[in-house]
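Peer 1: Following this line is coords_20.cif, made up of mmCIF, C-alpha atoms:
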data_structure
#
loop_
_atom_site.label_atom_id
_atom_site.label_comp_id
_atom_site.auth_asym_id
_atom_site.auth_seq_id
_atom_site.Cartn_x
_atom_site.Cartn_y
_atom_site.Cartn_z
CA MET A 198 -1.61 13.74 29.69
CA SER A 199 1.06 14.58 27.12
CA GLN A 200 0.64 13.55 23.51
CA ALA A 201 2.95 10.83 22.16
CA PRO A 202 5.75 12.13 19.89
CA SER A 203 5.00 11.75 16.19
CA GLN A 204 6.59 12.27 12.80
CA THR A 205 5.01 12.84 9.39
CA VAL A 206 6.79 11.83 6.16
CA LYS A 207 5.36 12.53 2.71
CA ASP A 208 6.36 10.60 -0.41
CA VAL A 209 5.55 11.07 -4.11
CA MET A 210 5.55 7.24 -4.50
CA ASP A 211 7.86 7.27 -7.52
CA PRO A 212 7.26 4.10 -9.63
CA ALA A 213 11.03 3.87 -10.14
CA ARG A 214 11.38 3.01 -6.45
CA ALA A 215 9.00 0.06 -6.90
CA ALA A 216 11.03 -1.07 -9.93
CA ALA A 217 14.18 -0.94 -7.82
CA MET A 218 12.50 -3.00 -5.10
CA ALA A 219 11.46 -5.55 -7.73
CA ALA A 220 15.06 -5.81 -8.90
CA ALA A 221 16.34 -6.16 -5.33
CA LEU A 222 13.85 -8.98 -4.61
CA ASN A 223 14.21 -10.56 -8.07
CA ARG A 224 10.50 -10.15 -8.77
CA ALA A 225 8.48 -8.67 -11.64
CA ALA A 226 8.07 -4.89 -11.51
CA PRO A 227 4.51 -3.85 -10.62
CA SER A 228 2.38 -1.33 -12.46
CA GLY A 229 -0.11 0.66 -10.40
CA ASP A 230 -0.85 -1.12 -7.10
CA LEU A 231 2.15 -1.64 -4.85
CA PRO A 232 2.64 -5.25 -3.67
CA PRO A 233 2.11 -5.73 0.06
CA PHE A 234 5.08 -4.77 2.27
CA TRP A 235 6.84 -2.90 -0.55
CA HIS A 236 6.02 0.36 1.22
CA HIS A 237 9.38 -0.14 2.96
CA ALA A 238 10.96 1.24 -0.22
CA TYR A 239 9.23 4.56 0.55
CA PHE A 240 8.97 7.06 3.42
CA TRP A 241 12.72 7.23 3.99
CA ASP A 242 13.79 8.69 7.34
CA ILE A 243 16.73 10.69 6.01
CA GLN A 244 19.21 11.74 8.71
CA PRO A 245 22.51 13.65 8.34
CA ALA A 246 25.71 11.77 9.07
CA ASP A 247 26.19 13.40 12.47
CA HIS A 248 22.86 11.93 13.60
CA LEU A 249 23.99 8.35 12.94
CA GLY A 250 25.26 5.92 15.53
CA ARG A 251 28.13 3.49 15.18
CA ASP A 252 25.79 0.94 13.55
CA GLY A 253 24.75 3.23 10.68
CA HIS A 254 21.22 3.76 12.00
CA PHE A 255 20.11 7.12 13.33
CA ARG A 256 21.33 7.57 16.88
CA THR A 257 18.61 7.15 19.48
CA GLY A 258 17.74 10.43 21.11
CA THR A 259 17.93 12.34 17.80
CA GLY A 260 14.44 11.39 16.56
CA LEU A 261 11.31 9.74 17.92
CA ILE A 262 13.13 7.00 19.84
CA PRO A 263 14.67 8.12 23.15
CA ASP A 264 18.25 7.25 24.09
CA LEU A 265 18.05 3.95 25.97
CA GLY A 266 21.81 3.59 26.42
CA LEU A 267 21.73 0.30 24.50
CA PRO A 268 23.83 0.10 21.30
CA ARG A 269 22.44 -2.90 19.38
CA ARG A 270 19.21 -2.52 17.41
CA MET A 271 17.13 -5.47 16.20
CA TRP A 272 13.91 -5.64 14.19
CA ALA A 273 11.73 -7.84 16.43
CA GLY A 274 8.57 -8.09 14.36
CA GLY A 275 5.37 -6.29 13.61
CA ARG A 276 1.67 -6.29 12.84
CA LEU A 277 0.15 -5.03 9.58
CA GLU A 278 -3.40 -4.41 8.42
CA TRP A 279 -4.12 -3.56 4.78
CA HIS A 280 -7.18 -1.38 4.19
CA ALA A 281 -6.62 -0.39 0.55
CA SER A 282 -3.85 -0.78 -2.01
CA LEU A 283 -1.14 1.84 -2.20
CA VAL A 284 -0.82 3.14 -5.74
CA THR A 285 2.51 4.18 -7.23
CA GLY A 286 2.64 7.70 -8.65
CA THR A 287 0.07 9.01 -6.15
CA PRO A 288 1.48 11.03 -3.21
CA ALA A 289 1.11 9.37 0.18
CA THR A 290 1.68 10.31 3.82
CA ARG A 291 2.99 8.20 6.68
CA LEU A 292 2.22 9.34 10.23
CA THR A 293 4.43 7.61 12.79
CA THR A 294 3.63 7.76 16.50
CA LEU A 295 5.90 6.51 19.26
CA GLY A 296 4.22 3.70 21.16
CA PRO A 297 5.27 2.05 24.40
CA VAL A 298 8.96 2.22 25.36
CA THR A 299 9.94 -0.21 28.10
CA ARG A 300 13.19 -1.40 29.59
CA LYS A 301 13.67 -4.77 31.23
CA SER A 302 16.26 -7.47 31.89
CA GLY A 303 16.51 -10.63 29.82
CA ARG A 304 18.80 -13.65 29.74
CA SER A 305 21.31 -11.67 27.67
CA GLY A 306 21.17 -8.50 29.80
CA ALA A 307 19.26 -5.23 29.59
CA LEU A 308 16.64 -4.85 26.85
CA GLY A 309 14.83 -1.82 25.49
CA LEU A 310 11.50 -2.54 23.76
CA VAL A 311 10.11 0.10 21.40
CA THR A 312 6.91 0.15 19.33
CA LEU A 313 6.31 2.50 16.41
CA HIS A 314 2.77 2.94 15.08
CA HIS A 315 2.57 3.80 11.35
CA ARG A 316 -0.52 5.01 9.51
CA ILE A 317 -0.23 5.42 5.73
CA THR A 318 -2.79 7.34 3.69
CA GLN A 319 -3.24 8.49 0.09
CA GLY A 320 -5.48 11.53 0.03
CA ASP A 321 -8.29 10.84 2.50
CA ARG A 322 -8.00 7.03 2.07
CA LEU A 323 -6.40 4.91 4.77
CA CYS A 324 -4.25 2.27 3.06
CA LEU A 325 -2.16 0.61 5.75
CA THR A 326 -1.60 0.52 9.49
CA GLU A 327 1.57 -1.05 10.84
CA ASP A 328 3.03 -1.60 14.28
CA GLN A 329 6.81 -2.05 14.16
CA SER A 330 8.55 -3.68 17.13
CA LEU A 331 12.22 -2.92 17.84
CA VAL A 332 14.55 -4.32 20.49
CA TYR A 333 17.69 -2.58 21.75
CA ARG A 334 20.35 -4.68 23.50
CA GLU A 335 23.72 -4.47 25.20
CA ASP A 336 26.84 -5.60 23.33
CA PRO A 337 27.41 -9.36 23.54
CA GLN A 338 29.75 -10.54 26.26
CA PRO A 339 32.80 -12.47 25.02
CA GLY A 340 32.29 -16.19 25.49
CA ALA A 341 28.65 -15.84 26.49
CA PRO A 342 26.56 -18.82 25.33
CA ARG A 343 24.22 -18.20 22.43
CA PRO A 344 20.52 -18.78 23.07
CA VAL A 345 19.21 -22.08 21.75
CA PRO A 346 16.48 -21.34 19.18
CA ALA A 347 13.30 -23.36 18.85
CA GLN A 348 13.13 -25.91 16.06
CA ALA A 349 10.72 -25.48 13.16
CA ASP A 350 8.34 -28.11 11.77
CA SER A 351 7.84 -29.12 8.16
CA ALA A 352 4.90 -27.62 6.27
CA PRO A 353 2.64 -28.54 3.35
CA VAL A 354 4.01 -25.64 1.30
CA GLU A 355 7.76 -25.01 1.31
CA GLU A 356 10.11 -22.95 -0.86
CA THR A 357 13.87 -22.57 -0.37
CA ARG A 358 15.83 -19.38 -0.97
CA SER A 359 19.13 -17.77 -0.07
CA PHE A 360 20.28 -14.15 -0.06
CA GLY A 361 23.84 -13.19 -0.91
CA ALA A 362 25.78 -10.08 0.02
CA MET A 363 24.78 -8.29 -3.19
CA ALA A 364 21.07 -8.91 -2.53
CA LEU A 365 21.41 -7.52 0.99
CA PHE A 366 23.28 -4.44 -0.25
CA ARG A 367 20.64 -3.73 -2.90
CA TYR A 368 17.80 -4.10 -0.39
CA SER A 369 19.60 -1.77 2.03
CA ALA A 370 19.97 0.75 -0.79
CA VAL A 371 16.33 0.74 -1.91
CA THR A 372 15.09 1.03 1.71
CA PHE A 373 17.77 3.58 2.70
CA ASN A 374 18.80 1.29 5.56
CA GLY A 375 22.29 2.07 6.81
CA HIS A 376 22.48 -0.72 9.39
CA ARG A 377 26.00 -2.11 9.03
CA ILE A 378 25.10 -5.69 9.99
CA HIS A 379 23.68 -6.05 6.46
CA TYR A 380 26.78 -5.01 4.47
CA ASP A 381 29.82 -4.79 6.82
CA ALA A 382 30.78 -8.37 7.63
CA ALA A 383 33.58 -7.44 10.06
CA TYR A 384 31.27 -5.16 12.03
CA ALA A 385 28.47 -7.74 12.08
CA ARG A 386 30.84 -10.41 13.35
CA ASP A 387 33.27 -8.57 15.63
CA VAL A 388 31.04 -5.90 17.15
CA GLU A 389 27.51 -7.31 17.19
CA GLY A 390 28.46 -10.97 17.48
CA HIS A 391 26.67 -12.38 14.43
CA ALA A 392 27.92 -15.33 12.40
CA GLY A 393 28.08 -13.17 9.25
CA LEU A 394 26.09 -10.59 7.33
CA VAL A 395 22.51 -10.58 8.58
CA VAL A 396 19.52 -10.88 6.25
CA HIS A 397 17.03 -8.05 6.85
CA GLY A 398 13.97 -9.08 8.84
CA PRO A 399 11.72 -7.30 6.31
CA ILE A 400 13.13 -9.45 3.48
CA LEU A 401 11.98 -12.55 5.36
CA ALA A 402 8.60 -11.00 6.20
CA GLU A 403 8.07 -9.98 2.57
CA GLY A 404 8.91 -13.50 1.43
CA LEU A 405 6.30 -14.99 3.78
CA ILE A 406 3.70 -12.46 2.65
CA ASP A 407 4.43 -13.26 -0.99
CA LEU A 408 4.17 -17.01 -0.35
CA ALA A 409 0.89 -16.64 1.56
CA THR A 410 -0.62 -14.31 -1.05
CA ARG A 411 0.15 -16.71 -3.89
CA HIS A 412 -1.55 -19.60 -2.07
CA LEU A 413 -4.30 -17.90 -0.05
CA GLY A 414 -5.09 -14.77 -2.05
CA PRO A 415 -4.92 -11.14 -0.86
CA LEU A 416 -4.23 -10.64 2.83
CA ALA A 417 -6.03 -8.41 5.31
CA GLY A 418 -3.36 -8.73 7.98
CA PHE A 419 0.00 -10.20 8.90
CA ASP A 420 1.57 -10.57 12.36
CA TYR A 421 5.17 -11.74 12.67
CA ARG A 422 8.04 -12.22 15.12
CA ALA A 423 11.74 -12.48 14.30
CA LEU A 424 13.20 -15.24 16.49
CA ALA A 425 16.69 -16.00 15.15
CA PRO A 426 18.92 -14.22 12.62
CA VAL A 427 19.52 -15.54 9.11
CA VAL A 428 22.96 -14.94 7.60
CA ALA A 429 23.96 -14.24 4.02
CA ASP A 430 24.15 -17.26 1.68
CA GLU A 431 22.31 -19.49 4.15
CA THR A 432 19.62 -21.60 2.49
CA VAL A 433 16.37 -21.06 4.34
CA THR A 434 12.88 -22.47 3.79
CA PHE A 435 9.75 -20.33 3.58
CA CYS A 436 6.86 -22.41 4.93
CA LEU A 437 3.07 -22.15 4.91
CA ALA A 438 0.75 -24.34 6.97
CA GLY A 439 -2.82 -23.07 6.89
CA HIS A 440 -2.75 -19.52 8.23
CA ARG A 441 0.69 -19.94 9.81
CA ALA A 442 3.79 -18.89 7.87
CA PHE A 443 7.35 -19.32 9.08
CA VAL A 444 11.00 -19.38 8.04
CA ARG A 445 13.14 -22.42 8.85
CA GLY A 446 16.92 -22.07 8.93
CA SER A 447 19.40 -24.48 7.37
CA ASP A 448 19.83 -26.20 10.76
CA GLY A 449 16.09 -26.46 11.38
CA ARG A 450 15.81 -23.47 13.72
CA LEU A 451 12.71 -21.28 13.68
CA CYS A 452 13.87 -17.89 12.35
CA MET A 453 10.54 -16.08 11.88
CA ASP A 454 7.00 -17.01 12.83
CA ALA A 455 3.88 -15.35 11.46
CA THR A 456 0.10 -15.48 11.34
CA VAL A 457 -1.61 -14.47 8.09
CA ARG A 458 -5.17 -13.18 7.87
CA PRO A 459 -6.64 -13.58 4.39
CA ALA A 460 -9.01 -10.91 3.13
CA THR A 461 -12.64 -11.97 3.23
#
Can the structure in the file be given as C-alpha coordinates, please?

Peer 2:
Amino acid sequence: MSQAPSQTVKDVMDPARAAAMAAALNRAAPSGDLPPFWHHAYFWDIQPADHLGRDGHFRTGTGLIPDLGLPRRMWAGGRLEWHASLVTGTPATRLTTLGPVTRKSGRSGALGLVTLHHRITQGDRLCLTEDQSLVYREDPQPGAPRPVPAQADSAPVEETRSFGAMALFRYSAVTFNGHRIHYDAAYARDVEGHAGLVVHGPILAEGLIDLATRHLGPLAGFDYRALAPVVADETVTFCLAGHRAFVRGSDGRLCMDATVRPAT
(Lines of atoms letter the chains of each structure in order from A and count residues from 1; the text may use other names and numbers.)
(Lines give C-alpha, C1' and ligand atoms only; values in the text may rest on other atoms or scores of the structure.)
Protein backbone atom coordinates (compact mmCIF):
# COMPACT_ATOMS: atom_id res chain seq x y z
CA MET A 1 0.00 0.00 0.00
CA SER A 2 1.55 3.29 -1.12
CA GLN A 3 1.94 6.15 1.32
CA ALA A 4 -0.23 9.24 0.81
CA PRO A 5 1.61 12.23 -0.68
CA SER A 6 2.67 14.80 1.91
CA GLN A 7 4.30 18.20 2.18
CA THR A 8 6.18 19.83 5.06
CA VAL A 9 6.31 23.62 5.49
CA LYS A 10 8.32 25.32 8.24
CA ASP A 11 7.61 28.84 9.49
CA VAL A 12 9.46 31.13 11.91
CA MET A 13 6.05 32.47 13.09
CA ASP A 14 7.03 36.13 12.72
CA PRO A 15 4.90 38.28 15.10
CA ALA A 16 4.62 40.87 12.31
CA ARG A 17 2.45 38.42 10.38
CA ALA A 18 0.03 38.22 13.33
CA ALA A 19 -0.03 42.03 13.49
CA ALA A 20 -0.89 42.13 9.79
CA MET A 21 -3.69 39.61 10.33
CA ALA A 22 -5.02 41.76 13.18
CA ALA A 23 -5.08 44.78 10.88
CA ALA A 24 -6.80 42.81 8.11
CA LEU A 25 -9.51 41.60 10.52
CA ASN A 26 -9.73 44.93 12.39
CA ARG A 27 -8.85 43.27 15.69
CA ALA A 28 -6.29 43.97 18.42
CA ALA A 29 -2.80 42.63 17.71
CA PRO A 30 -1.93 39.64 19.92
CA SER A 31 1.22 39.19 21.95
CA GLY A 32 2.48 35.65 22.44
CA ASP A 33 -0.33 33.14 21.84
CA LEU A 34 -1.84 33.21 18.37
CA PRO A 35 -5.66 33.54 18.30
CA PRO A 36 -7.44 30.45 16.97
CA PHE A 37 -7.54 30.15 13.17
CA TRP A 38 -4.90 32.84 12.65
CA HIS A 39 -2.47 30.12 11.59
CA HIS A 40 -3.80 30.79 8.08
CA ALA A 41 -1.45 33.80 8.03
CA TYR A 42 1.46 31.33 8.20
CA PHE A 43 2.75 28.27 6.32
CA TRP A 44 2.44 29.90 2.90
CA ASP A 45 2.50 27.49 -0.05
CA ILE A 46 4.65 29.66 -2.32
CA GLN A 47 4.47 28.66 -5.99
CA PRO A 48 6.15 30.30 -9.01
CA ALA A 49 3.94 32.05 -11.53
CA ASP A 50 4.17 29.23 -14.07
CA HIS A 51 2.61 26.86 -11.52
CA LEU A 52 -0.54 28.97 -11.19
CA GLY A 53 -3.84 28.32 -12.91
CA ARG A 54 -6.15 30.86 -14.47
CA ASP A 55 -7.77 31.50 -11.06
CA GLY A 56 -4.52 32.54 -9.35
CA HIS A 57 -4.27 29.38 -7.25
CA PHE A 58 -1.57 26.81 -7.88
CA ARG A 59 -2.54 24.61 -10.79
CA THR A 60 -3.71 21.15 -9.76
CA GLY A 61 -1.20 18.51 -10.72
CA THR A 62 1.77 20.69 -9.69
CA GLY A 63 1.58 19.94 -5.95
CA LEU A 64 -0.24 17.55 -3.64
CA ILE A 65 -3.61 17.82 -5.40
CA PRO A 66 -3.89 15.81 -8.63
CA ASP A 67 -5.28 17.32 -11.82
CA LEU A 68 -9.02 16.63 -11.76
CA GLY A 69 -9.77 18.50 -14.98
CA LEU A 70 -12.11 20.84 -13.10
CA PRO A 71 -11.26 24.57 -13.16
CA ARG A 72 -13.24 26.09 -10.26
CA ARG A 73 -11.95 25.70 -6.70
CA MET A 74 -14.11 26.27 -3.62
CA TRP A 75 -13.32 26.06 0.09
CA ALA A 76 -16.04 23.67 1.32
CA GLY A 77 -15.30 23.57 5.04
CA GLY A 78 -13.14 21.87 7.58
CA ARG A 79 -12.61 20.38 11.02
CA LEU A 80 -10.15 21.72 13.59
CA GLU A 81 -8.91 20.46 16.94
CA TRP A 82 -6.75 22.67 19.15
CA HIS A 83 -4.30 20.81 21.40
CA ALA A 84 -2.08 23.71 22.53
CA SER A 85 -1.69 27.37 21.65
CA LEU A 86 0.63 28.35 18.83
CA VAL A 87 3.12 30.95 20.03
CA THR A 88 4.41 33.71 17.77
CA GLY A 89 8.19 33.95 17.47
CA THR A 90 8.66 30.19 17.98
CA PRO A 91 9.36 28.15 14.82
CA ALA A 92 6.60 25.74 13.83
CA THR A 93 6.10 22.97 11.27
CA ARG A 94 3.00 22.04 9.29
CA LEU A 95 2.81 18.53 7.84
CA THR A 96 0.12 18.24 5.17
CA THR A 97 -1.05 14.85 3.91
CA LEU A 98 -3.37 14.33 0.97
CA GLY A 99 -6.57 12.64 2.12
CA PRO A 100 -9.36 11.15 0.04
CA VAL A 101 -9.79 12.44 -3.52
CA THR A 102 -13.13 11.51 -5.08
CA ARG A 103 -14.99 12.50 -8.20
CA LYS A 104 -18.75 12.39 -8.56
CA SER A 105 -21.67 14.07 -10.32
CA GLY A 106 -23.86 16.67 -8.67
CA ARG A 107 -26.78 18.84 -9.73
CA SER A 108 -24.35 21.34 -11.25
CA GLY A 109 -22.19 18.74 -13.04
CA ALA A 110 -18.95 16.96 -12.20
CA LEU A 111 -17.42 17.51 -8.77
CA GLY A 112 -13.98 16.74 -7.37
CA LEU A 113 -13.80 16.40 -3.57
CA VAL A 114 -10.39 16.75 -1.91
CA THR A 115 -9.37 16.55 1.75
CA LEU A 116 -6.07 17.86 3.11
CA HIS A 117 -4.94 16.78 6.59
CA HIS A 118 -2.77 19.35 8.42
CA ARG A 119 -0.76 18.70 11.58
CA ILE A 120 0.99 21.72 13.14
CA THR A 121 3.68 21.34 15.79
CA GLN A 122 6.10 23.59 17.68
CA GLY A 123 9.09 21.56 18.77
CA ASP A 124 7.73 18.23 20.00
CA ARG A 125 4.34 19.75 20.97
CA LEU A 126 1.27 19.11 18.84
CA CYS A 127 -0.69 22.37 18.62
CA LEU A 128 -3.36 21.90 15.97
CA THR A 129 -4.85 19.32 13.64
CA GLU A 130 -7.01 20.48 10.75
CA ASP A 131 -8.89 18.77 7.95
CA GLN A 132 -9.51 21.11 5.02
CA SER A 133 -12.22 20.21 2.50
CA LEU A 134 -12.02 21.52 -1.07
CA VAL A 135 -14.44 21.16 -3.97
CA TYR A 136 -13.51 21.47 -7.64
CA ARG A 137 -16.27 22.17 -10.16
CA GLU A 138 -16.92 22.70 -13.85
CA ASP A 139 -17.49 26.22 -15.18
CA PRO A 140 -21.09 27.39 -14.78
CA GLN A 141 -23.34 26.90 -17.78
CA PRO A 142 -24.88 30.11 -19.16
CA GLY A 143 -28.47 30.46 -18.01
CA ALA A 144 -28.27 27.52 -15.62
CA PRO A 145 -30.47 28.05 -12.54
CA ARG A 146 -28.68 28.83 -9.31
CA PRO A 147 -29.21 26.39 -6.44
CA VAL A 148 -31.70 27.56 -3.84
CA PRO A 149 -29.89 27.84 -0.48
CA ALA A 150 -31.42 26.84 2.83
CA GLN A 151 -32.76 29.61 5.03
CA ALA A 152 -31.14 30.40 8.38
CA ASP A 153 -32.90 30.84 11.72
CA SER A 154 -32.49 33.65 14.21
CA ALA A 155 -30.21 33.06 17.21
CA PRO A 156 -29.84 34.31 20.78
CA VAL A 157 -26.49 35.90 19.94
CA GLU A 158 -26.15 37.84 16.69
CA GLU A 159 -23.60 40.31 15.31
CA THR A 160 -23.68 41.95 11.88
CA ARG A 161 -20.63 42.67 9.75
CA SER A 162 -19.68 43.40 6.16
CA PHE A 163 -16.41 43.06 4.27
CA GLY A 164 -15.44 45.48 1.52
CA ALA A 165 -13.02 45.02 -1.36
CA MET A 166 -10.12 46.48 0.63
CA ALA A 167 -10.68 44.03 3.51
CA LEU A 168 -10.71 41.10 1.09
CA PHE A 169 -7.53 42.30 -0.61
CA ARG A 170 -5.71 42.69 2.71
CA TYR A 171 -6.79 39.23 3.88
CA SER A 172 -5.64 37.73 0.56
CA ALA A 173 -2.29 39.45 1.04
CA VAL A 174 -1.65 38.28 4.60
CA THR A 175 -2.63 34.68 3.72
CA PHE A 176 -0.80 34.74 0.35
CA ASN A 177 -4.04 33.70 -1.36
CA GLY A 178 -4.01 34.48 -5.07
CA HIS A 179 -7.56 33.33 -5.80
CA ARG A 180 -8.95 35.96 -8.15
CA ILE A 181 -12.57 35.68 -6.97
CA HIS A 182 -11.51 37.72 -3.93
CA TYR A 183 -10.01 40.75 -5.74
CA ASP A 184 -10.88 40.57 -9.48
CA ALA A 185 -14.57 41.44 -9.76
CA ALA A 186 -14.78 40.88 -13.53
CA TYR A 187 -13.23 37.42 -13.21
CA ALA A 188 -15.46 36.50 -10.27
CA ARG A 189 -18.56 37.56 -12.18
CA ASP A 190 -17.85 36.66 -15.80
CA VAL A 191 -15.78 33.49 -15.43
CA GLU A 192 -16.86 31.85 -12.18
CA GLY A 193 -20.43 33.14 -12.16
CA HIS A 194 -20.50 34.89 -8.78
CA ALA A 195 -22.58 37.97 -8.01
CA GLY A 196 -19.43 39.94 -7.12
CA LEU A 197 -16.20 39.62 -5.18
CA VAL A 198 -16.42 36.63 -2.87
CA VAL A 199 -15.64 36.83 0.85
CA HIS A 200 -13.07 34.20 1.87
CA GLY A 201 -14.55 31.20 3.64
CA PRO A 202 -11.82 31.42 6.31
CA ILE A 203 -12.87 35.00 7.14
CA LEU A 204 -16.36 33.72 7.94
CA ALA A 205 -15.01 30.74 9.89
CA GLU A 206 -12.70 33.00 11.91
CA GLY A 207 -15.60 35.31 12.70
CA LEU A 208 -17.67 32.40 14.04
CA ILE A 209 -14.73 31.14 16.10
CA ASP A 210 -14.19 34.61 17.55
CA LEU A 211 -17.88 34.96 18.41
CA ALA A 212 -18.02 31.52 20.04
CA THR A 213 -14.81 32.08 22.00
CA ARG A 214 -16.04 35.38 23.43
CA HIS A 215 -19.28 33.78 24.65
CA LEU A 216 -18.26 30.19 25.46
CA GLY A 217 -14.57 30.46 26.31
CA PRO A 218 -11.65 28.65 24.63
CA LEU A 219 -12.59 26.03 22.06
CA ALA A 220 -11.31 22.48 21.70
CA GLY A 221 -12.76 21.99 18.24
CA PHE A 222 -14.68 23.56 15.39
CA ASP A 223 -16.41 21.85 12.45
CA TYR A 224 -17.84 23.95 9.64
CA ARG A 225 -19.38 23.79 6.16
CA ALA A 226 -19.56 26.59 3.59
CA LEU A 227 -23.02 26.45 2.00
CA ALA A 228 -23.47 29.66 0.00
CA PRO A 229 -21.03 32.42 -1.01
CA VAL A 230 -21.01 35.86 0.62
CA VAL A 231 -20.13 38.82 -1.61
CA ALA A 232 -18.23 41.99 -0.80
CA ASP A 233 -20.19 44.73 1.02
CA GLU A 234 -23.04 42.36 1.85
CA THR A 235 -24.21 42.71 5.45
CA VAL A 236 -24.17 39.27 7.05
CA THR A 237 -25.05 38.12 10.56
CA PHE A 238 -22.78 35.94 12.69
CA CYS A 239 -25.01 33.81 14.92
CA LEU A 240 -24.51 31.62 17.99
CA ALA A 241 -27.15 29.29 19.41
CA GLY A 242 -25.70 27.00 22.07
CA HIS A 243 -22.91 25.03 20.41
CA ARG A 244 -24.10 25.86 16.89
CA ALA A 245 -22.63 28.84 15.05
CA PHE A 246 -23.71 30.02 11.62
CA VAL A 247 -23.61 32.91 9.16
CA ARG A 248 -26.88 34.30 7.78
CA GLY A 249 -26.83 36.28 4.53
CA SER A 250 -28.66 39.54 3.91
CA ASP A 251 -31.53 37.61 2.28
CA GLY A 252 -31.75 35.08 5.11
CA ARG A 253 -29.82 32.30 3.38
CA LEU A 254 -27.56 29.98 5.38
CA CYS A 255 -24.00 30.76 4.23
CA MET A 256 -21.93 28.77 6.74
CA ASP A 257 -22.91 26.28 9.41
CA ALA A 258 -20.66 25.14 12.24
CA THR A 259 -20.49 23.14 15.44
CA VAL A 260 -18.24 24.43 18.23
CA ARG A 261 -16.73 22.25 20.94
CA PRO A 262 -15.72 24.24 24.01
CA ALA A 263 -12.62 23.17 25.91
CA THR A 264 -13.41 21.33 29.12

Peer 1: For Ala201 (chain A), which residue out of A:Gly296, A:Gly375, A:Gly361, A:Gly258 is the nearest one, using only C-alpha atoms?

Peer 2: A:Gly296

Peer 1: Give as a PyMOL selection string the residues that the PyMOL selection byres ((chain A and resi 423) around 8) matches when applied to the coordinates above.

Peer 2: chain A and resi 272-274+398+421-422+424-426+452-454

Peer 1: Please evaluate the PyMOL selection byres ((chain A and resi 290) around 7) against the displayed coordinates and give the resulting residues as a list in words.

Peer 2: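 This file, filtered by the PyMOL selection byres ((chain A and resi 290) around 7), leaves Thr205, Val206, Lys207, Asp208, Ala289, Arg291, Leu292, Ile317, Thr318 and Gln319 of chain A.
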
Peer 1: Any chance you could work out the residue set of the PyMOL selection byres ((chain A and resi 307) around 10) here, as a list of chain:residue names?

Peer 2: A:Leu265, A:Gly266, A:Leu267, A:Arg300, A:Lys301, A:Ser302, A:Gly303, A:Arg304, A:Ser305, A:Gly306, A:Leu308, A:Gly309, A:Tyr333, A:Arg334, A:Glu335, A:Asp336

Peer 1: When you draw a straight line from CA of Pro245 (chain A) to CA of Thr259 (chain A), how long is it in Å?

Peer 2: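 Between CA of Pro245 (chain A) and CA of Thr259 (chain A) the gap works out to 10.6 Å.
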
Peer 1: Using all atoms listed in the file for the distances, tell me which of A:Phe366, A:Tyr239, A:Trp279, A:Phe443 is nearest to Ala213 (chain A).

Peer 2: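 Of A:Phe366, A:Tyr239, A:Trp279, A:Phe443, the one nearest Ala213 (chain A), counting all atoms listed in the file, is A:Tyr239.
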
Peer 1: Would you mind listing what lies within 10 Å of Gly253 (chain A) as an NGL selection string, with all atoms listed in the file counted and same-chain residues fewer than 6 positions away left out?

Peer 2: :A and (246 or 374-378)

Peer 1: Between CA of Pro346 (chain A) and CA of Leu451 (chain A), what is the distance in Å, rounded to a tenth?

Peer 2: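 According to the coordinates, CA of Pro346 (chain A) and CA of Leu451 (chain A) are separated by 6.7 Å.
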
Peer 1: Would you please work out which residue, of A:Glu431, A:Thr312, A:Ala460, A:Arg269, is nearest to Ala392 (chain A) when using all atoms listed in the file?

Peer 2: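 Closest residue, counting all atoms listed in the file: A:Glu431.
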
Peer 1: How many Å lie between CA of Asp328 (chain A) and CA of Leu313 (chain A), rounded to one decimal?

Peer 2: 5.7 Å

Peer 1: Could you pull the residues within 6 Å of region 408-420 of chain A, counting only C-alpha atoms, minus those fewer than 3 positions along the same chain, as a PDB file with C-alpha atoms, in the coordinates of the input?

Peer 2:
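Result file is out_13.pdb:
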ATOM      1  CA  GLY A 275       5.370  -6.290  13.610  1.00  0.00           C
ATOM      2  CA  ARG A 276       1.670  -6.290  12.840  1.00  0.00           C
ATOM      3  CA  LEU A 277       0.150  -5.030   9.580  1.00  0.00           C
ATOM      4  CA  GLU A 278      -3.400  -4.410   8.420  1.00  0.00           C
ATOM      5  CA  TRP A 279      -4.120  -3.560   4.780  1.00  0.00           C
ATOM      6  CA  LEU A 405       6.300 -14.990   3.780  1.00  0.00           C
ATOM      7  CA  ALA A 455       3.880 -15.350  11.460  1.00  0.00           C
ATOM      8  CA  THR A 456       0.100 -15.480  11.340  1.00  0.00           C
ATOM      9  CA  VAL A 457      -1.610 -14.470   8.090  1.00  0.00           C
ATOM     10  CA  ARG A 458      -5.170 -13.180   7.870  1.00  0.00           C
ATOM     11  CA  PRO A 459      -6.640 -13.580   4.390  1.00  0.00           C
ATOM     12  CA  ALA A 460      -9.010 -10.910   3.130  1.00  0.00           C
TER      13      ALA A 460
END

Peer 1: For a quick check of understanding, using all atoms listed in the file, which of A:Gly404, A:Pro344, A:Pro339, A:Pro232 has the smallest distance to Gly390 (chain A)?

Peer 2: A:Pro339
